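Undergrad: What follows is input25.cif; its format and atoms are mmCIF, C-alpha atoms.
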```
data_query
loop_
_atom_site.label_atom_id
_atom_site.label_comp_id
_atom_site.auth_asym_id
_atom_site.auth_seq_id
_atom_site.Cartn_x
_atom_site.Cartn_y
_atom_site.Cartn_z
CA ALA N 1 -19.40 19.94 -3.32
CA ALA N 2 -19.24 18.00 -6.56
CA PRO N 3 -15.95 16.25 -7.34
CA VAL N 4 -13.91 18.40 -9.71
CA ALA N 5 -10.24 17.50 -9.29
CA ARG N 6 -7.75 14.97 -10.64
CA ALA N 7 -4.65 13.88 -8.74
CA ARG N 8 -1.37 14.80 -10.43
CA ALA N 9 1.15 12.06 -11.06
CA GLY N 10 3.93 13.39 -8.82
CA ALA N 11 1.80 13.86 -5.73
CA LEU N 12 0.01 10.56 -6.36
CA THR N 13 3.32 8.73 -6.63
CA ALA N 14 4.61 10.25 -3.39
CA TYR N 15 1.40 9.33 -1.60
CA ALA N 16 1.41 5.78 -2.97
CA ALA N 17 5.04 5.27 -1.92
CA GLY N 18 3.80 4.93 1.64
CA SER N 19 2.33 1.59 0.65
CA LEU N 20 5.83 0.25 0.02
CA GLY N 21 6.51 0.47 3.74
CA MET N 22 3.03 -0.76 4.61
CA GLY N 23 3.66 -3.77 2.42
CA VAL N 24 6.64 -4.72 4.57
CA TRP N 25 4.57 -4.84 7.77
CA VAL N 26 1.67 -6.62 6.06
CA THR N 27 3.95 -9.26 4.54
CA VAL N 28 6.79 -10.08 6.90
CA PRO N 29 4.86 -10.89 10.11
CA GLY N 30 2.16 -12.62 8.09
CA LEU N 31 4.63 -14.73 6.15
CA LEU N 32 7.29 -15.51 8.74
CA LEU N 33 6.04 -14.95 12.28
CA LEU N 34 4.11 -18.21 12.73
CA TYR N 35 6.96 -20.23 11.26
CA PHE N 36 9.49 -18.25 13.36
CA LEU N 37 7.57 -19.09 16.52
CA THR N 38 7.03 -22.80 15.84
CA ASN N 39 10.24 -23.75 14.03
CA THR N 40 12.86 -21.45 15.58
CA LEU N 41 11.59 -20.50 19.04
CA GLY N 42 9.97 -23.84 19.91
CA VAL N 43 6.54 -22.36 20.63
CA PRO N 44 3.73 -24.95 20.37
CA SER N 45 1.45 -24.26 17.39
CA ALA N 46 -1.63 -23.61 19.56
CA VAL N 47 0.30 -21.08 21.70
CA ALA N 48 1.81 -19.52 18.59
CA GLY N 49 -1.67 -19.02 17.16
CA VAL N 50 -2.82 -17.23 20.29
CA THR N 51 0.38 -15.14 20.26
CA LEU N 52 -0.60 -13.85 16.83
CA LEU N 53 -4.31 -13.55 17.58
CA LEU N 54 -4.34 -11.49 20.80
CA PRO N 55 -2.37 -8.52 19.41
CA ARG N 56 -4.74 -8.42 16.47
CA ILE N 57 -7.77 -8.39 18.76
CA VAL N 58 -6.35 -5.28 20.44
CA ASP N 59 -5.62 -3.90 16.99
CA THR N 60 -9.17 -4.52 15.80
CA LEU N 61 -10.64 -2.68 18.77
CA VAL N 62 -8.35 0.32 18.38
CA HIS N 63 -8.82 0.98 14.65
CA PRO N 64 -12.39 2.35 14.81
CA LEU N 65 -11.44 4.60 17.73
CA LEU N 66 -8.47 5.94 15.78
CA GLY N 67 -10.75 6.56 12.82
CA SER N 68 -13.08 8.69 14.91
CA LEU N 69 -10.10 10.46 16.54
CA SER N 70 -8.72 11.20 13.08
CA ASP N 71 -12.02 12.81 12.11
CA ARG N 72 -12.02 14.99 15.22
CA ARG N 73 -8.46 16.16 14.63
CA ALA N 74 -9.18 16.83 10.97
CA ARG N 75 -12.10 19.08 11.91
CA GLY N 76 -9.76 21.29 13.90
CA SER N 77 -6.59 21.21 11.78
CA GLY N 78 -7.89 20.61 8.25
CA HIS N 79 -5.60 17.58 7.76
CA ARG N 80 -4.76 14.14 9.18
CA ARG N 81 -0.95 14.19 9.06
CA GLY N 82 -0.37 14.36 12.84
CA MET N 83 -1.28 10.71 13.37
CA LEU N 84 0.77 9.65 10.36
CA ARG N 85 3.99 10.69 12.08
CA TRP N 86 3.44 8.23 14.94
CA GLY N 87 3.59 5.43 12.41
CA LEU N 88 7.27 6.14 11.75
CA LEU N 89 8.07 4.44 15.08
CA LEU N 90 6.84 1.14 13.63
CA ALA N 91 10.40 0.41 12.55
CA VAL N 92 11.46 0.01 16.19
CA ALA N 93 8.79 -2.62 16.82
CA MET N 94 9.74 -4.44 13.63
CA VAL N 95 13.36 -4.90 14.71
CA ALA N 96 12.56 -5.74 18.33
CA MET N 97 9.94 -8.33 17.40
CA PHE N 98 12.45 -10.47 15.54
CA THR N 99 15.32 -9.87 18.00
CA VAL N 100 14.32 -12.24 20.79
CA PRO N 101 16.76 -12.39 23.75
CA ALA N 102 19.27 -15.22 23.52
CA GLY N 103 18.14 -18.43 25.15
CA TRP N 104 14.45 -17.49 25.25
CA THR N 105 12.19 -20.21 23.84
CA GLY N 106 8.64 -21.40 24.37
CA LEU N 107 6.32 -19.17 26.41
CA PRO N 108 8.86 -16.41 27.28
CA ALA N 109 9.73 -16.05 23.61
CA ALA N 110 6.05 -15.98 22.69
CA LEU N 111 5.41 -13.21 25.23
CA TRP N 112 8.29 -11.13 23.84
CA VAL N 113 7.08 -11.48 20.28
CA GLY N 114 3.44 -10.90 21.24
CA CYS N 115 4.17 -7.68 23.15
CA TRP N 116 6.20 -6.16 20.33
CA PHE N 117 3.65 -7.35 17.77
CA THR N 118 0.96 -5.53 19.72
CA ALA N 119 3.03 -2.33 19.85
CA GLY N 120 3.77 -2.58 16.15
CA ASN N 121 0.13 -3.09 15.24
CA LEU N 122 -0.90 0.01 17.20
CA LEU N 123 1.76 2.12 15.50
CA PHE N 124 0.79 0.70 12.13
CA ALA N 125 -2.85 1.61 12.83
CA ALA N 126 -1.85 5.19 13.64
CA PHE N 127 -0.40 5.41 10.14
CA GLN N 128 -2.82 3.21 8.23
CA VAL N 129 -6.10 4.82 9.28
CA PRO N 130 -5.39 8.42 8.20
CA TYR N 131 -3.37 7.21 5.21
CA LEU N 132 -6.22 5.12 3.81
CA THR N 133 -8.74 7.85 4.61
CA THR N 134 -6.99 10.23 2.22
CA PRO N 135 -8.80 9.05 -0.96
CA SER N 136 -12.12 9.57 0.85
CA ASP N 137 -11.06 13.10 1.84
CA LEU N 138 -10.20 14.18 -1.70
CA ARG N 139 -12.83 15.92 -3.81
CA ILE N 140 -12.64 13.38 -6.65
CA GLY N 141 -15.09 11.10 -8.45
CA TYR N 142 -15.92 7.37 -8.74
CA HIS N 143 -13.29 6.36 -11.31
CA GLU N 144 -10.65 8.76 -10.00
CA ARG N 145 -10.90 7.05 -6.61
CA THR N 146 -10.07 3.78 -8.34
CA ARG N 147 -7.09 5.48 -10.01
CA VAL N 148 -5.79 6.72 -6.65
CA PHE N 149 -6.15 3.25 -5.15
CA MET N 150 -4.56 1.74 -8.25
CA ALA N 151 -1.41 3.75 -7.60
CA ARG N 152 -1.52 2.78 -3.94
CA MET N 153 -2.12 -0.87 -4.88
CA LEU N 154 0.81 -0.87 -7.31
CA PHE N 155 3.22 0.34 -4.64
CA LEU N 156 1.70 -1.95 -2.03
CA THR N 157 2.25 -4.89 -4.35
CA LEU N 158 5.85 -3.84 -4.90
CA GLY N 159 6.27 -3.65 -1.13
CA LEU N 160 4.67 -7.06 -0.67
CA LEU N 161 6.77 -8.51 -3.46
CA GLY N 162 10.07 -6.98 -2.38
CA SER N 163 9.70 -7.91 1.27
CA GLY N 164 8.10 -11.27 0.49
CA VAL N 165 11.11 -12.29 -1.57
CA ALA N 166 13.80 -10.47 0.39
CA ALA N 167 12.71 -11.48 3.90
CA PRO N 168 13.04 -15.27 3.44
CA ALA N 169 16.30 -14.77 1.57
CA LEU N 170 17.74 -12.57 4.33
CA VAL N 171 16.67 -15.04 7.02
CA GLY N 172 18.73 -17.72 5.32
CA ASP N 173 18.94 -20.93 7.35
CA GLY N 174 16.20 -19.89 9.77
CA GLY N 175 18.39 -19.07 12.76
CA ARG N 176 17.69 -16.25 15.20
CA ALA N 177 20.50 -14.12 13.83
CA GLY N 178 19.01 -14.42 10.36
CA TYR N 179 15.65 -13.08 11.47
CA ALA N 180 17.26 -10.14 13.30
CA ARG N 181 19.43 -9.44 10.25
CA MET N 182 16.36 -9.47 8.03
CA ALA N 183 14.37 -6.99 10.14
CA LEU N 184 16.88 -4.12 10.25
CA PRO N 185 17.09 -3.06 6.57
CA LEU N 186 13.37 -3.60 6.03
CA ALA N 187 12.62 -1.37 9.03
CA GLY N 188 14.81 1.36 7.55
CA ALA N 189 12.90 1.17 4.28
CA MET N 190 9.63 1.59 6.17
CA VAL N 191 10.80 4.88 7.71
CA VAL N 192 11.87 6.34 4.37
CA CYS N 193 8.60 5.37 2.69
CA GLY N 194 6.59 6.85 5.55
CA LEU N 195 8.32 10.21 5.26
CA VAL N 196 7.70 10.35 1.52
CA ALA N 197 4.04 9.42 2.02
CA ILE N 198 3.43 12.23 4.53
CA ALA N 199 4.72 14.71 1.97
CA GLY N 200 2.52 13.07 -0.68
CA VAL N 201 -0.61 13.40 1.47
CA ARG N 202 0.11 17.10 1.93
CA ARG N 203 0.48 17.63 -1.83
CA LEU N 204 -2.61 15.60 -2.77
CA THR N 205 -4.92 17.46 -0.43
CA ALA N 206 -3.51 20.78 -1.65
CA GLN N 207 -4.26 19.80 -5.26
CA CYS N 208 -7.61 18.03 -4.90
CA GLY N 209 -9.14 19.70 -1.89
CA PHE N 210 -9.91 18.30 1.53
CA GLY N 211 -13.39 17.29 2.61
CA VAL N 212 -13.56 18.36 6.25
CA PRO N 213 -15.57 15.83 8.29
CA ASP N 214 -18.99 16.73 9.61
CA GLN N 215 -18.59 19.60 12.07
CA ARG N 216 -21.33 18.41 14.40
CA PRO N 217 -20.10 16.91 17.71
CA HIS N 218 -19.66 13.15 17.59
CA ARG N 219 -18.72 10.34 19.93
CA ALA N 220 -16.36 7.61 18.79
CA PHE N 221 -18.77 4.75 19.35
CA GLY N 222 -21.55 6.71 17.71
CA ASP N 223 -19.40 7.24 14.62
CA VAL N 224 -18.57 3.55 14.46
CA ALA N 225 -22.21 2.60 14.90
CA ALA N 226 -23.22 4.97 12.11
CA ALA N 227 -20.73 3.38 9.74
CA TRP N 228 -21.84 -0.11 10.71
CA ARG N 229 -25.53 0.72 10.12
CA ASP N 230 -24.69 1.37 6.47
CA ARG N 231 -25.93 -1.89 4.90
CA ASP N 232 -23.81 -1.70 1.76
CA PHE N 233 -20.67 -0.82 3.67
CA ARG N 234 -21.36 -3.55 6.22
CA ALA N 235 -21.68 -6.17 3.46
CA LEU N 236 -18.47 -4.93 1.86
CA ALA N 237 -16.59 -5.04 5.18
CA LEU N 238 -17.82 -8.50 6.15
CA SER N 239 -16.92 -9.84 2.73
CA TYR N 240 -13.46 -8.35 3.03
CA LEU N 241 -13.10 -9.87 6.50
CA LEU N 242 -13.42 -13.31 4.91
CA THR N 243 -11.24 -12.28 1.97
CA GLY N 244 -8.49 -10.98 4.27
CA THR N 245 -8.70 -14.10 6.39
CA THR N 246 -8.16 -16.16 3.25
CA THR N 247 -5.17 -14.25 1.90
CA HIS N 248 -3.40 -14.01 5.25
CA LEU N 249 -3.96 -17.70 5.88
CA PHE N 250 -2.26 -18.25 2.52
CA LEU N 251 0.75 -16.17 3.57
CA ALA N 252 1.10 -17.86 6.96
CA ALA N 253 0.76 -21.34 5.47
CA LEU N 254 3.12 -20.90 2.54
CA PRO N 255 6.40 -21.64 4.42
CA PHE N 256 4.86 -24.84 5.80
CA TYR N 257 3.66 -25.88 2.34
CA THR N 258 7.07 -25.40 0.74
CA ALA N 259 8.95 -27.08 3.59
CA TYR N 260 6.70 -30.10 4.14
CA VAL N 261 4.75 -30.61 0.89
CA LEU N 262 7.19 -29.45 -1.78
CA ARG N 263 10.09 -30.39 0.56
CA ASP N 264 12.16 -27.32 -0.30
CA ALA N 265 11.95 -24.35 2.07
CA GLY N 266 13.86 -22.27 -0.46
CA LEU N 267 10.76 -22.24 -2.65
CA THR N 268 9.00 -19.89 -0.23
CA ALA N 269 10.65 -16.88 -1.87
CA VAL N 270 9.96 -18.29 -5.35
CA LEU N 271 6.26 -18.84 -4.72
CA MET N 272 5.92 -15.47 -3.00
CA GLY N 273 7.39 -13.92 -6.11
CA GLY N 274 4.98 -15.92 -8.24
CA PHE N 275 2.07 -14.76 -6.12
CA LEU N 276 2.94 -11.07 -6.00
CA ALA N 277 4.83 -10.26 -9.21
CA PRO N 278 1.77 -10.82 -11.47
CA ALA N 279 -0.23 -8.46 -9.28
CA VAL N 280 1.93 -5.56 -10.52
CA VAL N 281 0.69 -6.22 -14.05
CA ALA N 282 -2.79 -7.45 -13.14
CA GLY N 283 -3.72 -4.36 -11.10
CA PRO N 284 -4.15 -2.03 -14.11
CA GLY N 285 -6.08 -4.81 -15.83
CA TRP N 286 -8.55 -4.99 -12.96
CA MET N 287 -8.90 -1.19 -13.05
CA LEU N 288 -9.79 -1.27 -16.75
CA LEU N 289 -12.19 -4.16 -16.19
CA SER N 290 -13.93 -2.25 -13.41
CA ARG N 291 -14.50 0.65 -15.78
CA ARG N 292 -16.36 -1.70 -18.13
CA ILE N 293 -18.35 -3.87 -15.72
CA GLY N 294 -18.12 -2.08 -12.35
CA LYS N 295 -16.10 -2.76 -9.23
CA GLN N 296 -18.65 -5.16 -7.73
CA ARG N 297 -18.62 -7.60 -10.64
CA GLY N 298 -14.85 -7.38 -10.94
CA LEU N 299 -14.46 -8.20 -7.24
CA LEU N 300 -16.74 -11.22 -7.56
CA ILE N 301 -14.63 -12.51 -10.46
CA ALA N 302 -11.44 -12.16 -8.42
CA GLN N 303 -13.02 -14.02 -5.53
CA GLY N 304 -14.18 -16.75 -7.91
CA VAL N 305 -10.64 -17.30 -9.20
CA PHE N 306 -9.48 -17.95 -5.64
CA ILE N 307 -12.30 -20.44 -5.06
CA VAL N 308 -11.35 -22.43 -8.14
CA GLY N 309 -7.58 -22.10 -7.86
CA SER N 310 -6.88 -22.88 -4.20
CA PRO N 311 -7.90 -26.58 -4.26
CA ALA N 312 -5.53 -27.14 -7.19
CA LEU N 313 -2.66 -26.75 -4.71
CA LEU N 314 -3.55 -30.20 -3.35
CA THR N 315 -1.67 -31.57 -6.36
CA GLY N 316 1.57 -29.74 -5.60
CA ARG N 317 3.60 -32.81 -4.66
CA THR N 318 2.18 -34.94 -7.50
CA LEU N 319 2.37 -32.50 -10.38
CA GLY N 320 5.51 -30.67 -9.29
CA THR N 321 6.73 -27.18 -8.66
CA ALA N 322 6.06 -25.82 -12.16
CA VAL N 323 2.32 -26.53 -12.04
CA THR N 324 2.15 -25.23 -8.47
CA LEU N 325 3.80 -22.00 -9.60
CA VAL N 326 1.24 -21.57 -12.40
CA VAL N 327 -1.60 -21.92 -9.90
CA VAL N 328 0.04 -19.46 -7.51
CA VAL N 329 0.47 -16.95 -10.35
CA ALA N 330 -3.26 -17.18 -11.09
CA LEU N 331 -4.04 -16.62 -7.42
CA GLY N 332 -1.68 -13.65 -7.42
CA CYS N 333 -3.59 -12.08 -10.31
CA ALA N 334 -6.81 -12.55 -8.35
CA PHE N 335 -5.17 -11.06 -5.25
CA ALA N 336 -4.59 -7.80 -7.13
CA GLY N 337 -8.29 -7.53 -7.87
CA LEU N 338 -9.29 -8.45 -4.33
CA GLN N 339 -7.21 -5.62 -2.92
CA LEU N 340 -7.79 -2.90 -5.50
CA LEU N 341 -11.52 -3.24 -5.98
CA ALA N 342 -12.49 -3.79 -2.34
CA PHE N 343 -10.40 -0.88 -1.07
CA SER N 344 -11.56 1.47 -3.82
CA MET N 345 -15.20 0.81 -2.88
CA VAL N 346 -14.67 2.23 0.62
CA PRO N 347 -14.54 5.88 -0.61
CA ASP N 348 -17.65 5.06 -2.67
CA ALA N 349 -19.41 4.10 0.57
CA VAL N 350 -18.21 7.33 2.18
CA ALA N 351 -19.45 9.37 -0.81
CA ALA N 352 -22.84 7.63 -0.64
CA ALA N 353 -23.06 8.42 3.09
CA GLU N 354 -22.09 12.03 2.42
CA SER N 355 -24.90 12.32 -0.11
CA ARG N 356 -27.27 11.26 2.66
CA GLY N 357 -26.02 14.05 4.92
CA SER N 358 -23.08 12.69 6.93
CA ALA N 359 -19.33 12.70 6.21
CA LEU N 360 -17.41 10.37 8.53
CA ALA N 361 -14.53 9.24 6.35
CA GLY N 362 -12.25 8.47 9.29
CA ALA N 363 -14.89 6.40 11.07
CA TYR N 364 -15.59 4.38 7.93
CA THR N 365 -11.88 3.83 7.35
CA GLY N 366 -11.36 2.89 10.99
CA VAL N 367 -14.03 0.21 10.77
CA TRP N 368 -12.56 -0.96 7.47
CA THR N 369 -9.00 -1.22 8.74
CA ALA N 370 -10.30 -2.98 11.86
CA THR N 371 -11.88 -5.51 9.53
CA ASP N 372 -8.59 -5.79 7.68
CA ALA N 373 -6.73 -6.30 10.97
CA ALA N 374 -9.19 -8.97 12.05
CA GLY N 375 -8.59 -10.86 8.81
CA THR N 376 -4.84 -10.74 9.31
CA ALA N 377 -5.37 -12.24 12.78
CA ILE N 378 -7.94 -14.90 11.98
CA GLY N 379 -6.07 -16.25 8.95
CA PRO N 380 -2.85 -17.30 10.73
CA TYR N 381 -4.80 -18.35 13.82
CA ALA N 382 -7.10 -20.56 11.76
CA TYR N 383 -4.09 -22.21 10.15
CA SER N 384 -2.35 -22.70 13.50
CA ALA N 385 -5.54 -24.32 14.80
CA VAL N 386 -5.53 -26.69 11.84
CA LEU N 387 -1.89 -27.57 12.57
CA ALA N 388 -2.65 -28.16 16.24
CA ALA N 389 -5.62 -30.37 15.36
CA GLY N 390 -3.39 -32.40 13.08
CA GLY N 391 -0.75 -32.90 15.79
CA PHE N 392 1.97 -30.68 14.33
CA VAL N 393 5.17 -30.87 16.41
CA SER N 394 7.04 -27.58 17.01
CA THR N 395 10.81 -27.38 17.28
CA SER N 396 13.54 -24.90 18.12
CA GLU N 397 16.53 -23.64 16.16
CA GLY N 398 18.96 -26.38 15.15
CA HIS N 399 16.54 -29.28 15.68
CA THR N 400 14.37 -31.21 13.25
CA VAL N 401 11.48 -33.56 13.96
CA ALA N 402 9.44 -35.95 11.83
CA GLN N 403 5.84 -34.80 11.54
CA PRO N 404 2.99 -37.31 11.94
CA ASP N 405 0.85 -38.10 8.90
CA GLY N 406 -2.07 -36.24 10.44
CA ALA N 407 -0.04 -33.04 10.66
CA LEU N 408 1.07 -33.30 7.04
CA THR N 409 -2.52 -33.84 5.90
CA ALA N 410 -3.73 -30.94 8.02
CA LEU N 411 -1.16 -28.45 6.77
CA LEU N 412 -1.93 -29.38 3.14
CA TRP N 413 -5.72 -29.22 3.38
CA GLY N 414 -5.55 -26.10 5.51
CA PHE N 415 -3.54 -24.43 2.77
CA ALA N 416 -5.53 -25.62 -0.24
CA VAL N 417 -9.15 -26.28 0.77
CA LEU N 418 -9.91 -23.97 3.70
CA PRO N 419 -9.15 -20.81 1.62
CA ALA N 420 -11.69 -21.87 -1.01
CA LEU N 421 -14.38 -22.34 1.64
CA LEU N 422 -13.64 -18.97 3.23
CA MET N 423 -13.72 -17.21 -0.12
CA ALA N 424 -17.05 -18.82 -0.99
CA GLY N 425 -18.41 -17.19 2.15
CA ALA N 426 -16.96 -13.86 1.01
CA VAL N 427 -18.83 -14.13 -2.29
CA ALA N 428 -22.12 -14.90 -0.52
CA VAL N 429 -21.80 -11.74 1.57
CA GLN N 430 -20.47 -9.54 -1.25
CA LEU N 431 -23.58 -10.24 -3.32
CA ARG N 432 -25.54 -8.18 -0.78
CA CYS N 433 -23.56 -5.01 -1.52
CA ARG N 434 -25.28 -2.53 -3.84
CA LEU N 435 -22.73 0.29 -3.96
CA ASP N 436 -22.21 0.04 -7.72
CA ARG N 437 -25.95 0.29 -8.38
CA ARG N 438 -26.21 3.40 -6.21
CA ALA N 439 -23.17 5.00 -7.87
CA ALA N 440 -24.73 4.46 -11.28
CA ARG N 441 -27.86 6.46 -10.38
#
```
Let me see whether you can do it: turn the structure in this file into structure tokens.
TA:
Amino acid sequence: AAPVARARAGALTAYAAGSLGMGVWVTVPGLLLLYFLTNTLGVPSAVAGVTLLLPRIVDTLVHPLLGSLSDRRARGSGHRRGMLRWGLLLAVAMVAMFTVPAGWTGLPAALWVGCWFTAGNLLFAAFQVPYLTTPSDLRIGYHERTRVFMARMLFLTLGLLGSGVAAPALVGDGGRAGYARMALPLAGAMVVCGLVAIAGVRRLTAQCGFGVPDQRPHRAFGDVAAAWRDRDFRALALSYLLTGTTTHLFLAALPFYTAYVLRDAGLTAVLMGGFLAPAVVAGPGWMLLSRRIGKQRGLLIAQGVFIVGSPALLTGRTLGTAVTLVVVVALGCAFAGLQLLAFSMVPDAVAAAESRGSALAGAYTGVWTATDAAGTAIGPYAYSAVLAAGGFVSTSEGHTVAQPDGALTALLWGFAVLPALLMAGAVAVQLRCRLDRRAAR
């Protein structure tokens, strides 16, 4: 059926509130977990990288299966809310992950964190997949899909900003007790936001209609294969894989940059604020720009800003904190476009597939969130590999060590130059996507 509806503000706000809680899980492990492992738990950087990578590999494999499962359940029930409720248990994994048993360091500590990180990722996937499929389910049009994702992006940015500033502040001096103290209130906020979001999904689908997935029998791997055969969607997903790798590398590297390059660990919260606060304002600007030039061109501009801006961070120590903050603000504005425009093109891919005779919104979203999960894994792992190659020396709570010159060079170039190279690859792949041209027909 042709799109006819428009989401009302109240239901849209309730739905988007779920992204506040999602922002906590996206930000806190990405920002603090690598540093927590290497500088508090004494886990070698190479082992820490693997500790973060393996749970994400499991996560990446599970997402497409959950997407297909979500489609099957939606065919029978007419909604996707059942899986959303499992995501409320994510709060337990959040607290446990940062509450490592006393005296555990090195490999035992890494195993504890890795197991709870895996559990948390699976619970997050159970929420994320049906939640992000909702805009594809609604009977709405091209620009209205951007509006729905704009609301979601605004709340996600607020979640990223709030947790990105609050988490380092709550951790304080970096001791174990500080990390445990940080996790508890943020976990509580995640539960509240999840409950509000479930109610919002119910209201949105009641207002805008629900596109029931294709009723023909499907197998999970067949659904995933069908989504992956879509050339435009595949280009979009591969581009976002590189984009997500870049932004999550940035998050993982930021505490190292402030501690060892700017020589003030307290600036982590300041730069996180500088990165995320502008995104609240920039998001509506990217939405308006996409209405004038299309989502594809807007996304390429956002990627280009990251390519130009990242290498400027090489000058952080020379030019000072103020110039560094200006660069980070510019990257934060680009980050808003990277998130909003890429995510809002996923329902466009689903709509294009539906026009060709198949409606597999959950399968498409599952592949997409698997791509997102892979980026969150590869980014920190790539940075940990750079640290290991440079000879970075890990330490445990209460101890400090002098880092060799090679480690300092590696952590700087890994933070400033590697993101630009990754984003250049994202642009090269994104140019192959033709979704905007098809939508304009």
Undergrad: Just checking: using only C-alpha atoms, which residue out of N:Gly375, N:Ala125, N:Val171, N:Thr409 ends up closest to N:Gly390?
TA: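 Among the listed residues, N:Thr409 lies closest to N:Gly390.
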Undergrad: Counting all atoms listed in the file, which residue out of N:Val417, N:Leu249, N:Leu41, N:Ala363 sits closest to N:Pro347?
TA: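 Looking only at the distances to N:Pro347, the closest residue turns out to be N:Ala363.
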Undergrad: My list of candidates is N:Val191, N:Leu267, N:Leu387, N:Ala197. Which is closest to N:Ala93 when distances are computed with all atoms listed in the file?
TA: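 Once distances to N:Ala93 are computed over all atoms listed in the file, the minimum belongs to N:Val191.
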Undergrad: Might you spell out which residues the PyMOL selection byres ((chain N and resi 127) around 8) would select in the displayed file, as a list in words?
TA: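 So the PyMOL selection byres ((chain N and resi 127) around 8) ends up selecting Met83, Leu84, Arg85, Trp86, Gly87, Leu88, Leu123, Phe124, Ala125, Ala126, Gln128, Val129, Pro130 and Tyr131 of chain N.
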Undergrad: Can you spell out as a list of chain:residue names the set of residues that the PyMOL selection byres ((chain N and resi 173-189) around 7) selects in the structure I just provided?
TA: N:Gly21, N:Val24, N:Thr40, N:Ala91, N:Met94, N:Val95, N:Phe98, N:Thr99, N:Ala167, N:Leu170, N:Val171, N:Gly172, N:Met190, N:Val191, N:Val192, N:Cys193, N:Glu397
Undergrad: Keeping only C-alpha atoms, write the selected residues to a file as a PDB file, in the frame of the given file.
TA:
```pdb
ATOM      1  CA  GLY N  21       6.510   0.470   3.740  1.00  0.00           C
ATOM      2  CA  VAL N  24       6.640  -4.720   4.570  1.00  0.00           C
ATOM      3  CA  THR N  40      12.860 -21.450  15.580  1.00  0.00           C
ATOM      4  CA  ALA N  91      10.400   0.410  12.550  1.00  0.00           C
ATOM      5  CA  MET N  94       9.740  -4.440  13.630  1.00  0.00           C
ATOM      6  CA  VAL N  95      13.360  -4.900  14.710  1.00  0.00           C
ATOM      7  CA  PHE N  98      12.450 -10.470  15.540  1.00  0.00           C
ATOM      8  CA  THR N  99      15.320  -9.870  18.000  1.00  0.00           C
ATOM      9  CA  ALA N 167      12.710 -11.480   3.900  1.00  0.00           C
ATOM     10  CA  LEU N 170      17.740 -12.570   4.330  1.00  0.00           C
ATOM     11  CA  VAL N 171      16.670 -15.040   7.020  1.00  0.00           C
ATOM     12  CA  GLY N 172      18.730 -17.720   5.320  1.00  0.00           C
ATOM     13  CA  MET N 190       9.630   1.590   6.170  1.00  0.00           C
ATOM     14  CA  VAL N 191      10.800   4.880   7.710  1.00  0.00           C
ATOM     15  CA  VAL N 192      11.870   6.340   4.370  1.00  0.00           C
ATOM     16  CA  CYS N 193       8.600   5.370   2.690  1.00  0.00           C
ATOM     17  CA  GLU N 397      16.530 -23.640  16.160  1.00  0.00           C
TER      18      GLU N 397
END
```
Undergrad: What are the nearest atom pairs, with distances in Å to one decimal, for all residues of stretch 316-367 of chain N that come at most 10 Å from stretch 286-310 of chain N, using only C-alpha atoms, set out by chain and rising residue number as a tab-separated table?
TA:
```
residue	atom	partner	partner_atom	distance
N:Val326	CA	N:Gly309	CA	9.9
N:Val327	CA	N:Gly309	CA	6.3
N:Val328	CA	N:Gly309	CA	8.1
N:Val329	CA	N:Gly309	CA	9.9
N:Ala330	CA	N:Gly309	CA	7.3
N:Leu331	CA	N:Phe306	CA	5.9
N:Gly332	CA	N:Phe306	CA	9.1
N:Cys333	CA	N:Ala302	CA	8.1
N:Ala334	CA	N:Ala302	CA	4.6
N:Phe335	CA	N:Ala302	CA	7.1
N:Ala336	CA	N:Trp286	CA	7.6
N:Gly337	CA	N:Ala302	CA	5.6
N:Leu338	CA	N:Ala302	CA	5.9
N:Gln339	CA	N:Leu299	CA	8.8
N:Leu340	CA	N:Trp286	CA	7.8
N:Leu341	CA	N:Lys295	CA	5.6
N:Ala342	CA	N:Leu299	CA	6.9
N:Ser344	CA	N:Lys295	CA	8.2
N:Met345	CA	N:Lys295	CA	7.3
```
Undergrad: Can I get stretch 121-125 of chain N with N, CA, C and O atoms filled in, as an mmCIF file, in the frame of the given file?
TA:
```cif
data_model
loop_
_atom_site.group_PDB
_atom_site.id
_atom_site.type_symbol
_atom_site.label_atom_id
_atom_site.label_comp_id
_atom_site.auth_asym_id
_atom_site.auth_seq_id
_atom_site.Cartn_x
_atom_site.Cartn_y
_atom_site.Cartn_z
ATOM 1 N N ASN N 121 1.446 -3.228 15.837
ATOM 2 C CA ASN N 121 0.130 -3.090 15.240
ATOM 3 C C ASN N 121 -0.511 -1.748 15.578
ATOM 4 O O ASN N 121 -1.178 -1.125 14.747
ATOM 5 N N LEU N 122 -0.331 -1.284 16.814
ATOM 6 C CA LEU N 122 -0.900 0.010 17.200
ATOM 7 C C LEU N 122 -0.247 1.148 16.435
ATOM 8 O O LEU N 122 -0.920 2.090 15.991
ATOM 9 N N LEU N 123 1.062 1.083 16.268
ATOM 10 C CA LEU N 123 1.760 2.120 15.500
ATOM 11 C C LEU N 123 1.378 2.061 14.023
ATOM 12 O O LEU N 123 1.233 3.095 13.368
ATOM 13 N N PHE N 124 1.216 0.858 13.520
ATOM 14 C CA PHE N 124 0.790 0.700 12.130
ATOM 15 C C PHE N 124 -0.610 1.290 11.943
ATOM 16 O O PHE N 124 -0.887 1.957 10.937
ATOM 17 N N ALA N 125 -1.495 1.063 12.915
ATOM 18 C CA ALA N 125 -2.850 1.610 12.830
ATOM 19 C C ALA N 125 -2.830 3.130 12.814
ATOM 20 O O ALA N 125 -3.618 3.766 12.099
#
```
